[in-house]
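**Q** Sharing work-v6.pdb, PDB, C-alpha atoms and all ligand atoms:
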```
ATOM      1  CA  MET A   1     113.393  -2.556 157.695  1.00  0.00           C
ATOM      2  CA  ALA A   2     114.418   0.861 156.399  1.00  0.00           C
ATOM      3  CA  LYS A   3     114.978   3.496 159.053  1.00  0.00           C
ATOM      4  CA  ARG A   4     112.088   5.936 159.246  1.00  0.00           C
ATOM      5  CA  PRO A   5     112.891   9.668 159.141  1.00  0.00           C
ATOM      6  CA  ALA A   6     113.181  11.342 162.548  1.00  0.00           C
ATOM      7  CA  GLY A   7     112.104  14.719 161.224  1.00  0.00           C
ATOM      8  CA  PRO A   8     110.965  16.659 158.159  1.00  0.00           C
ATOM      9  CA  VAL A   9     113.118  16.884 155.039  1.00  0.00           C
ATOM     10  CA  THR A  10     114.191  20.456 154.259  1.00  0.00           C
ATOM     11  CA  PRO A  11     112.713  21.368 150.851  1.00  0.00           C
ATOM     12  CA  ARG A  12     114.697  22.945 148.041  1.00  0.00           C
ATOM     13  CA  GLY A  13     112.362  25.953 148.199  1.00  0.00           C
ATOM     14  CA  LEU A  14     109.073  27.243 146.852  1.00  0.00           C
ATOM     15  CA  ASN A  15     107.869  25.660 143.621  1.00  0.00           C
ATOM     16  CA  HIS A  16     104.959  27.876 142.638  1.00  0.00           C
ATOM     17  CA  LEU A  17     102.407  30.218 144.087  1.00  0.00           C
ATOM     18  CA  VAL A  18      98.688  30.279 143.238  1.00  0.00           C
ATOM     19  CA  LEU A  19      96.850  33.552 143.727  1.00  0.00           C
ATOM     20  CA  ASN A  20      93.107  34.175 143.774  1.00  0.00           C
ATOM     21  CA  VAL A  21      92.367  37.242 141.642  1.00  0.00           C
ATOM     22  CA  ARG A  22      89.164  39.179 141.050  1.00  0.00           C
ATOM     23  CA  ASP A  23      89.574  39.537 137.302  1.00  0.00           C
ATOM     24  CA  LEU A  24      91.860  37.293 135.296  1.00  0.00           C
ATOM     25  CA  ASP A  25      92.455  39.715 132.424  1.00  0.00           C
ATOM     26  CA  GLU A  26      93.266  42.528 134.855  1.00  0.00           C
ATOM     27  CA  ALA A  27      95.677  40.285 136.774  1.00  0.00           C
ATOM     28  CA  HIS A  28      97.194  38.974 133.523  1.00  0.00           C
ATOM     29  CA  HIS A  29      97.993  42.539 132.502  1.00  0.00           C
ATOM     30  CA  PHE A  30      99.854  43.143 135.759  1.00  0.00           C
ATOM     31  CA  TRP A  31     101.716  39.839 136.034  1.00  0.00           C
ATOM     32  CA  SER A  32     102.494  39.387 132.332  1.00  0.00           C
ATOM     33  CA  ASP A  33     102.404  42.732 130.496  1.00  0.00           C
ATOM     34  CA  LEU A  34     103.977  44.677 133.372  1.00  0.00           C
ATOM     35  CA  LEU A  35     106.085  42.157 135.310  1.00  0.00           C
ATOM     36  CA  GLY A  36     107.145  40.020 132.357  1.00  0.00           C
ATOM     37  CA  PHE A  37     105.929  36.553 133.364  1.00  0.00           C
ATOM     38  CA  GLN A  38     105.071  34.469 130.317  1.00  0.00           C
ATOM     39  CA  GLN A  39     101.829  32.516 130.169  1.00  0.00           C
ATOM     40  CA  VAL A  40     102.682  28.835 129.694  1.00  0.00           C
ATOM     41  CA  GLY A  41      99.257  27.244 130.035  1.00  0.00           C
ATOM     42  CA  GLU A  42      95.683  27.435 131.199  1.00  0.00           C
ATOM     43  CA  LEU A  43      93.373  25.023 132.945  1.00  0.00           C
ATOM     44  CA  HIS A  44      91.295  23.066 130.451  1.00  0.00           C
ATOM     45  CA  GLN A  45      87.699  22.713 131.501  1.00  0.00           C
ATOM     46  CA  ARG A  46      86.457  19.168 132.074  1.00  0.00           C
ATOM     47  CA  GLU A  47      82.798  18.321 131.879  1.00  0.00           C
ATOM     48  CA  ASP A  48      83.064  16.014 134.891  1.00  0.00           C
ATOM     49  CA  ASP A  49      84.770  18.615 137.116  1.00  0.00           C
ATOM     50  CA  PRO A  50      82.414  19.323 140.067  1.00  0.00           C
ATOM     51  CA  SER A  51      84.098  22.662 140.836  1.00  0.00           C
ATOM     52  CA  PRO A  52      85.427  24.180 137.599  1.00  0.00           C
ATOM     53  CA  MET A  53      87.924  27.048 137.810  1.00  0.00           C
ATOM     54  CA  VAL A  54      89.297  29.612 135.411  1.00  0.00           C
ATOM     55  CA  MET A  55      93.062  29.419 135.853  1.00  0.00           C
ATOM     56  CA  ARG A  56      96.237  30.432 133.998  1.00  0.00           C
ATOM     57  CA  PHE A  57      99.862  29.480 134.603  1.00  0.00           C
ATOM     58  CA  TYR A  58     102.933  31.714 134.248  1.00  0.00           C
ATOM     59  CA  SER A  59     106.690  31.288 134.220  1.00  0.00           C
ATOM     60  CA  GLY A  60     109.680  33.557 134.627  1.00  0.00           C
ATOM     61  CA  ALA A  61     112.990  32.890 132.888  1.00  0.00           C
ATOM     62  CA  THR A  62     112.959  29.132 132.597  1.00  0.00           C
ATOM     63  CA  ASP A  63     115.678  26.755 133.695  1.00  0.00           C
ATOM     64  CA  ASP A  64     115.691  22.968 133.589  1.00  0.00           C
ATOM     65  CA  LEU A  65     113.669  22.716 136.797  1.00  0.00           C
ATOM     66  CA  SER A  66     111.100  25.426 136.156  1.00  0.00           C
ATOM     67  CA  HIS A  67     107.658  24.844 134.603  1.00  0.00           C
ATOM     68  CA  HIS A  68     105.584  27.555 136.264  1.00  0.00           C
ATOM     69  CA  ASP A  69     106.183  30.047 139.045  1.00  0.00           C
ATOM     70  CA  ILE A  70     102.770  31.606 139.473  1.00  0.00           C
ATOM     71  CA  ALA A  71      99.196  30.660 138.663  1.00  0.00           C
ATOM     72  CA  LEU A  72      96.114  32.862 138.819  1.00  0.00           C
ATOM     73  CA  VAL A  73      92.623  31.631 139.703  1.00  0.00           C
ATOM     74  CA  GLU A  74      89.677  33.907 138.943  1.00  0.00           C
ATOM     75  CA  ARG A  75      87.571  34.550 142.048  1.00  0.00           C
ATOM     76  CA  PRO A  76      85.211  37.484 141.304  1.00  0.00           C
ATOM     77  CA  THR A  77      83.865  37.609 144.875  1.00  0.00           C
ATOM     78  CA  LEU A  78      87.186  38.664 146.420  1.00  0.00           C
ATOM     79  CA  PRO A  79      86.958  41.836 148.533  1.00  0.00           C
ATOM     80  CA  PRO A  80      88.249  45.022 146.908  1.00  0.00           C
ATOM     81  CA  PRO A  81      91.905  45.935 147.494  1.00  0.00           C
ATOM     82  CA  PRO A  82      92.925  48.695 149.934  1.00  0.00           C
ATOM     83  CA  GLU A  83      93.291  52.159 148.435  1.00  0.00           C
ATOM     84  CA  ASN A  84      96.920  52.393 149.503  1.00  0.00           C
ATOM     85  CA  TRP A  85      99.175  49.383 149.937  1.00  0.00           C
ATOM     86  CA  SER A  86     101.167  49.090 153.146  1.00  0.00           C
ATOM     87  CA  MET A  87     103.396  46.299 154.392  1.00  0.00           C
ATOM     88  CA  SER A  88     102.395  46.960 157.996  1.00  0.00           C
ATOM     89  CA  ALA A  89      98.629  47.517 157.650  1.00  0.00           C
ATOM     90  CA  GLY A  90      95.615  46.220 155.746  1.00  0.00           C
ATOM     91  CA  GLU A  91      93.410  43.128 155.702  1.00  0.00           C
ATOM     92  CA  CYS A  92      94.928  41.333 152.697  1.00  0.00           C
ATOM     93  CA  ALA A  93      96.107  37.825 153.635  1.00  0.00           C
ATOM     94  CA  VAL A  94      99.084  38.017 151.274  1.00  0.00           C
ATOM     95  CA  ASN A  95     101.622  40.571 152.485  1.00  0.00           C
ATOM     96  CA  HIS A  96     103.988  40.544 149.516  1.00  0.00           C
ATOM     97  CA  ILE A  97     105.506  38.279 146.901  1.00  0.00           C
ATOM     98  CA  ALA A  98     109.137  38.848 145.932  1.00  0.00           C
ATOM     99  CA  ILE A  99     110.136  38.614 142.265  1.00  0.00           C
ATOM    100  CA  THR A 100     113.823  38.221 141.438  1.00  0.00           C
ATOM    101  CA  TYR A 101     115.436  39.834 138.418  1.00  0.00           C
ATOM    102  CA  PRO A 102     118.758  38.352 137.365  1.00  0.00           C
ATOM    103  CA  ASP A 103     121.064  41.297 138.079  1.00  0.00           C
ATOM    104  CA  GLN A 104     121.222  45.006 138.767  1.00  0.00           C
ATOM    105  CA  GLU A 105     120.995  46.023 135.096  1.00  0.00           C
ATOM    106  CA  SER A 106     117.878  43.946 134.336  1.00  0.00           C
ATOM    107  CA  TRP A 107     116.303  45.189 137.583  1.00  0.00           C
ATOM    108  CA  LYS A 108     117.037  48.797 136.581  1.00  0.00           C
ATOM    109  CA  GLN A 109     115.453  48.249 133.160  1.00  0.00           C
ATOM    110  CA  GLN A 110     112.390  46.617 134.728  1.00  0.00           C
ATOM    111  CA  VAL A 111     111.926  49.418 137.282  1.00  0.00           C
ATOM    112  CA  GLU A 112     112.276  52.070 134.559  1.00  0.00           C
ATOM    113  CA  PHE A 113     109.703  50.187 132.469  1.00  0.00           C
ATOM    114  CA  LEU A 114     107.291  50.137 135.418  1.00  0.00           C
ATOM    115  CA  GLN A 115     107.865  53.874 135.947  1.00  0.00           C
ATOM    116  CA  ASP A 116     107.162  54.554 132.256  1.00  0.00           C
ATOM    117  CA  GLN A 117     103.966  52.499 132.511  1.00  0.00           C
ATOM    118  CA  GLY A 118     102.802  54.699 135.397  1.00  0.00           C
ATOM    119  CA  VAL A 119     103.022  52.016 138.091  1.00  0.00           C
ATOM    120  CA  LYS A 120     103.170  53.552 141.559  1.00  0.00           C
ATOM    121  CA  ILE A 121     106.230  52.601 143.599  1.00  0.00           C
ATOM    122  CA  ASN A 122     105.060  52.342 147.205  1.00  0.00           C
ATOM    123  CA  VAL A 123     108.448  51.872 148.848  1.00  0.00           C
ATOM    124  CA  ARG A 124     112.075  51.700 147.708  1.00  0.00           C
ATOM    125  CA  ILE A 125     114.435  49.946 150.104  1.00  0.00           C
ATOM    126  CA  ASP A 126     117.998  48.681 150.050  1.00  0.00           C
ATOM    127  CA  HIS A 127     118.073  45.608 152.254  1.00  0.00           C
ATOM    128  CA  GLY A 128     121.307  43.908 153.201  1.00  0.00           C
ATOM    129  CA  MET A 129     120.764  41.107 150.694  1.00  0.00           C
ATOM    130  CA  THR A 130     118.500  42.728 148.074  1.00  0.00           C
ATOM    131  CA  HIS A 131     117.792  46.084 146.519  1.00  0.00           C
ATOM    132  CA  SER A 132     114.033  46.329 146.190  1.00  0.00           C
ATOM    133  CA  ILE A 133     111.015  48.316 145.178  1.00  0.00           C
ATOM    134  CA  TYR A 134     107.527  47.467 146.426  1.00  0.00           C
ATOM    135  CA  ILE A 135     104.481  47.818 144.200  1.00  0.00           C
ATOM    136  CA  ASN A 136     101.079  46.116 144.405  1.00  0.00           C
ATOM    137  CA  ASP A 137      98.965  44.072 142.059  1.00  0.00           C
ATOM    138  CA  PRO A 138      95.295  44.940 141.277  1.00  0.00           C
ATOM    139  CA  ASN A 139      94.128  42.659 144.099  1.00  0.00           C
ATOM    140  CA  GLY A 140      96.161  44.386 146.794  1.00  0.00           C
ATOM    141  CA  TYR A 141      98.958  41.820 146.961  1.00  0.00           C
ATOM    142  CA  GLY A 142     102.307  43.480 147.553  1.00  0.00           C
ATOM    143  CA  VAL A 143     104.997  42.694 145.021  1.00  0.00           C
ATOM    144  CA  GLU A 144     108.678  43.205 145.797  1.00  0.00           C
ATOM    145  CA  VAL A 145     110.747  43.661 142.641  1.00  0.00           C
ATOM    146  CA  LEU A 146     114.350  42.948 143.529  1.00  0.00           C
ATOM    147  CA  TYR A 147     117.807  41.798 142.587  1.00  0.00           C
ATOM    148  CA  ASP A 148     119.977  39.777 144.927  1.00  0.00           C
ATOM    149  CA  LEU A 149     123.311  41.059 146.165  1.00  0.00           C
ATOM    150  CA  PRO A 150     126.276  38.654 146.073  1.00  0.00           C
ATOM    151  CA  ARG A 151     126.287  36.152 148.919  1.00  0.00           C
ATOM    152  CA  GLU A 152     129.643  37.424 150.202  1.00  0.00           C
ATOM    153  CA  VAL A 153     127.884  40.694 151.082  1.00  0.00           C
ATOM    154  CA  TRP A 154     125.305  39.137 153.438  1.00  0.00           C
ATOM    155  CA  GLY A 155     126.132  35.445 153.941  1.00  0.00           C
ATOM    156  CA  HIS A 156     127.928  36.066 157.245  1.00  0.00           C
ATOM    157  CA  ASP A 157     124.855  37.696 158.840  1.00  0.00           C
ATOM    158  CA  ILE A 158     121.519  36.873 157.241  1.00  0.00           C
ATOM    159  CA  ASP A 159     119.508  38.177 160.205  1.00  0.00           C
ATOM    160  CA  GLY A 160     121.472  41.430 160.109  1.00  0.00           C
ATOM    161  CA  ALA A 161     120.861  41.720 156.351  1.00  0.00           C
ATOM    162  CA  LEU A 162     117.123  41.092 156.821  1.00  0.00           C
ATOM    163  CA  ASN A 163     116.937  43.823 159.434  1.00  0.00           C
ATOM    164  CA  TYR A 164     118.980  46.302 157.439  1.00  0.00           C
ATOM    165  CA  ALA A 165     116.805  48.825 155.567  1.00  0.00           C
ATOM    166  CA  ARG A 166     117.825  52.014 153.837  1.00  0.00           C
ATOM    167  CA  PHE A 167     114.776  53.860 152.522  1.00  0.00           C
ATOM    168  CA  LEU A 168     115.310  55.676 149.222  1.00  0.00           C
ATOM    169  CA  PRO A 169     113.203  57.945 146.958  1.00  0.00           C
ATOM    170  CA  THR A 170     110.219  56.355 145.189  1.00  0.00           C
ATOM    171  CA  GLU A 171     110.098  58.718 142.209  1.00  0.00           C
ATOM    172  CA  GLY A 172     112.433  59.860 139.451  1.00  0.00           C
ATOM    173  CA  ASP A 173     115.907  58.727 138.436  1.00  0.00           C
ATOM    174  CA  GLU A 174     117.053  58.281 142.053  1.00  0.00           C
ATOM    175  CA  VAL A 175     114.961  55.098 142.286  1.00  0.00           C
ATOM    176  CA  THR A 176     117.396  53.237 140.057  1.00  0.00           C
ATOM    177  CA  GLU A 177     120.607  55.032 141.005  1.00  0.00           C
ATOM    178  CA  GLU A 178     123.352  52.590 141.859  1.00  0.00           C
ATOM    179  CA  THR A 179     123.904  52.356 145.622  1.00  0.00           C
ATOM    180  CA  GLU A 180     126.776  50.722 147.457  1.00  0.00           C
ATOM    181  CA  TYR A 181     126.640  47.294 149.052  1.00  0.00           C
ATOM    182  CA  VAL A 182     126.789  47.355 152.870  1.00  0.00           C
ATOM    183  CA  SER A 183     128.218  44.385 154.727  1.00  0.00           C
ATOM    184  CA  ASP A 184     128.357  45.698 158.289  1.00  0.00           C
ATOM    185  CA  PHE A 185     124.825  45.398 159.702  1.00  0.00           C
ATOM    186  CA  SER A 186     125.740  46.003 163.347  1.00  0.00           C
TER     187      SER A 186
HETATM  188 FE    FE A 201     110.413  40.695 151.053  1.00  0.00          FE
END
```
Show me, as structure tokens, the structure contained in the file I just sent.

**A**
Amino acid sequence: MAKRPAGPVTPRGLNHLVLNVRDLDEAHHFWSDLLGFQQVGELHQREDDPSPMVMRFYSGATDDLSHHDIALVERPTLPPPPENWSMSAGECAVNHIAITYPDQESWKQQVEFLQDQGVKINVRIDHGMTHSIYINDPNGYGVEVLYDLPREVWGHDIDGALNYARFLPTEGDEVTEETEYVSDFS
């Protein structure tokens, strides 16, 4: 008889995230028109479905393993979002969702695009393993727009990199100014 597993199998990672949103068109504008996710499908309504939903599926830059990263489900009865997003306060169950851009240049272009579209940057932080801005979607979910630093910068001390935070300006050209990589988190 085959040996049974003694413990859980470590997964490869997250596959996709499904968010409840108040208004699907409003959320589509944020996640697709502003953040660049491409819609790849929508839920087809079935007559025999006892609990029909309005749902759309979105993907980032696709690779062989990717079909969708995010899906949105319309839920008009959601409570309104807080006036000002904060990572450390508020009643929203989702704190933030981190979106990876491939490299520093694409991140810079994306942040400049968001600035030109009038999106408010709540926080701008260099972490030890990412350089990030934090914005929020129309439902109050925080969204961290980041690029990853090379593993040799942070691989020796992930906890140190997670705890490292250098706060930077949230407006103007300084938001996307190139900053150095720090490897000593002590
Ligand atoms: Fe984060």

**Q** Care to translate the PyMOL selection byres (((chain A and resi 162-165) around 8) and not hetatm) into actual residues of this file, as number ranges by chain?

**A** A: 125-129, 158-161, 166-167, 185

**Q** Starting from the PyMOL selection byres (((chain A and resi 107) around 12) and not hetatm), expand the selection into actual residues of this file and give them as a VMD selection string.

**A** chain A and resid 35 to 36 99 to 106 108 to 114 130 to 133 144 to 149 175 to 178

**Q** Name the residues that the PyMOL selection byres (((not hetatm)) within 8 of (chain A and resi 201)) picks from the file above, as a VMD selection string, using the file's chain letters and numbers.

**A** chain A and resid 96 to 98 144

**Q** Mind pulling up the distance from CA of Leu168 (chain A) to CA of Asn95 (chain A)?

**A**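 Computed distance, CA of Asn95 (chain A) to CA of Leu168 (chain A), equals 20.6 Å.
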
**Q** List as a short mmCIF file (atom, residue, chain, number, x, y, z; two decimals) with C-alpha atoms, keeping the file's coordinate frame the protein and nucleic acid residues near region 65-80 of chain A, meaning an atom at most 12 Å away when only C-alpha atoms are counted, but skip any in the same chain fewer than 3 places from it.

**A**
```cif
data_model
loop_
_atom_site.label_atom_id
_atom_site.label_comp_id
_atom_site.auth_asym_id
_atom_site.auth_seq_id
_atom_site.Cartn_x
_atom_site.Cartn_y
_atom_site.Cartn_z
CA ARG A 12 114.70 22.94 148.04
CA GLY A 13 112.36 25.95 148.20
CA LEU A 14 109.07 27.24 146.85
CA ASN A 15 107.87 25.66 143.62
CA HIS A 16 104.96 27.88 142.64
CA LEU A 17 102.41 30.22 144.09
CA VAL A 18 98.69 30.28 143.24
CA LEU A 19 96.85 33.55 143.73
CA ASN A 20 93.11 34.17 143.77
CA VAL A 21 92.37 37.24 141.64
CA ARG A 22 89.16 39.18 141.05
CA ASP A 23 89.57 39.54 137.30
CA LEU A 24 91.86 37.29 135.30
CA ASP A 25 92.46 39.72 132.42
CA GLU A 26 93.27 42.53 134.85
CA ALA A 27 95.68 40.28 136.77
CA HIS A 28 97.19 38.97 133.52
CA HIS A 29 97.99 42.54 132.50
CA PHE A 30 99.85 43.14 135.76
CA TRP A 31 101.72 39.84 136.03
CA SER A 32 102.49 39.39 132.33
CA LEU A 35 106.08 42.16 135.31
CA GLY A 36 107.14 40.02 132.36
CA PHE A 37 105.93 36.55 133.36
CA GLN A 38 105.07 34.47 130.32
CA GLN A 39 101.83 32.52 130.17
CA VAL A 40 102.68 28.84 129.69
CA GLY A 41 99.26 27.24 130.04
CA GLU A 42 95.68 27.44 131.20
CA LEU A 43 93.37 25.02 132.94
CA PRO A 52 85.43 24.18 137.60
CA MET A 53 87.92 27.05 137.81
CA VAL A 54 89.30 29.61 135.41
CA MET A 55 93.06 29.42 135.85
CA ARG A 56 96.24 30.43 134.00
CA PHE A 57 99.86 29.48 134.60
CA TYR A 58 102.93 31.71 134.25
CA SER A 59 106.69 31.29 134.22
CA GLY A 60 109.68 33.56 134.63
CA ALA A 61 112.99 32.89 132.89
CA THR A 62 112.96 29.13 132.60
CA GLU A 83 93.29 52.16 148.44
CA ASN A 84 96.92 52.39 149.50
CA GLY A 90 95.62 46.22 155.75
CA GLU A 91 93.41 43.13 155.70
CA CYS A 92 94.93 41.33 152.70
CA ALA A 93 96.11 37.83 153.64
CA ILE A 97 105.51 38.28 146.90
CA ALA A 98 109.14 38.85 145.93
CA ILE A 99 110.14 38.61 142.26
CA THR A 100 113.82 38.22 141.44
CA ASP A 137 98.96 44.07 142.06
CA PRO A 138 95.30 44.94 141.28
CA ASN A 139 94.13 42.66 144.10
CA GLY A 140 96.16 44.39 146.79
CA TYR A 141 98.96 41.82 146.96
#
```

**Q** What does the distance from CA of Trp154 (chain A) to CA of Ser183 (chain A) come to in Å, to one decimal?

**A**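 Taking CA of Trp154 (chain A) as the start and CA of Ser183 (chain A) as the end point, the length is 6.1 Å.
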
**Q** For CA of Ile135 (chain A) and CA of Glu180 (chain A), quote the distance in Å rounded to one decimal.

**A** 22.7 Å

**Q** Give the answer as one residue: which of A:Leu34, A:Glu47, A:Asn136, A:Lys120 has the shortest atom-to-atom distance to Pro81 (chain A), using all atoms listed in the file?

**A**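 Result for the nearest residue to Pro81 (chain A): A:Asn136.
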
**Q** Box for region 116-121 of chain A: with edges along x, y and z, all listed atoms inside and 3 Å added on each side, what are the centre and edge lengths in Å to one decimal, as lines of an AutoDock Vina configuration file?

**A**
```
center_x = 105.0
center_y = 53.4
center_z = 137.9
size_x = 10.4
size_y = 8.7
size_z = 17.3
```

**Q** Using all atoms listed in the file, which of the listed residues (A:Gly155, A:Val9, A:Arg4, A:Glu171) sits closest to Val119 (chain A)?

**A**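 Nearest to Val119 (chain A): A:Glu171.
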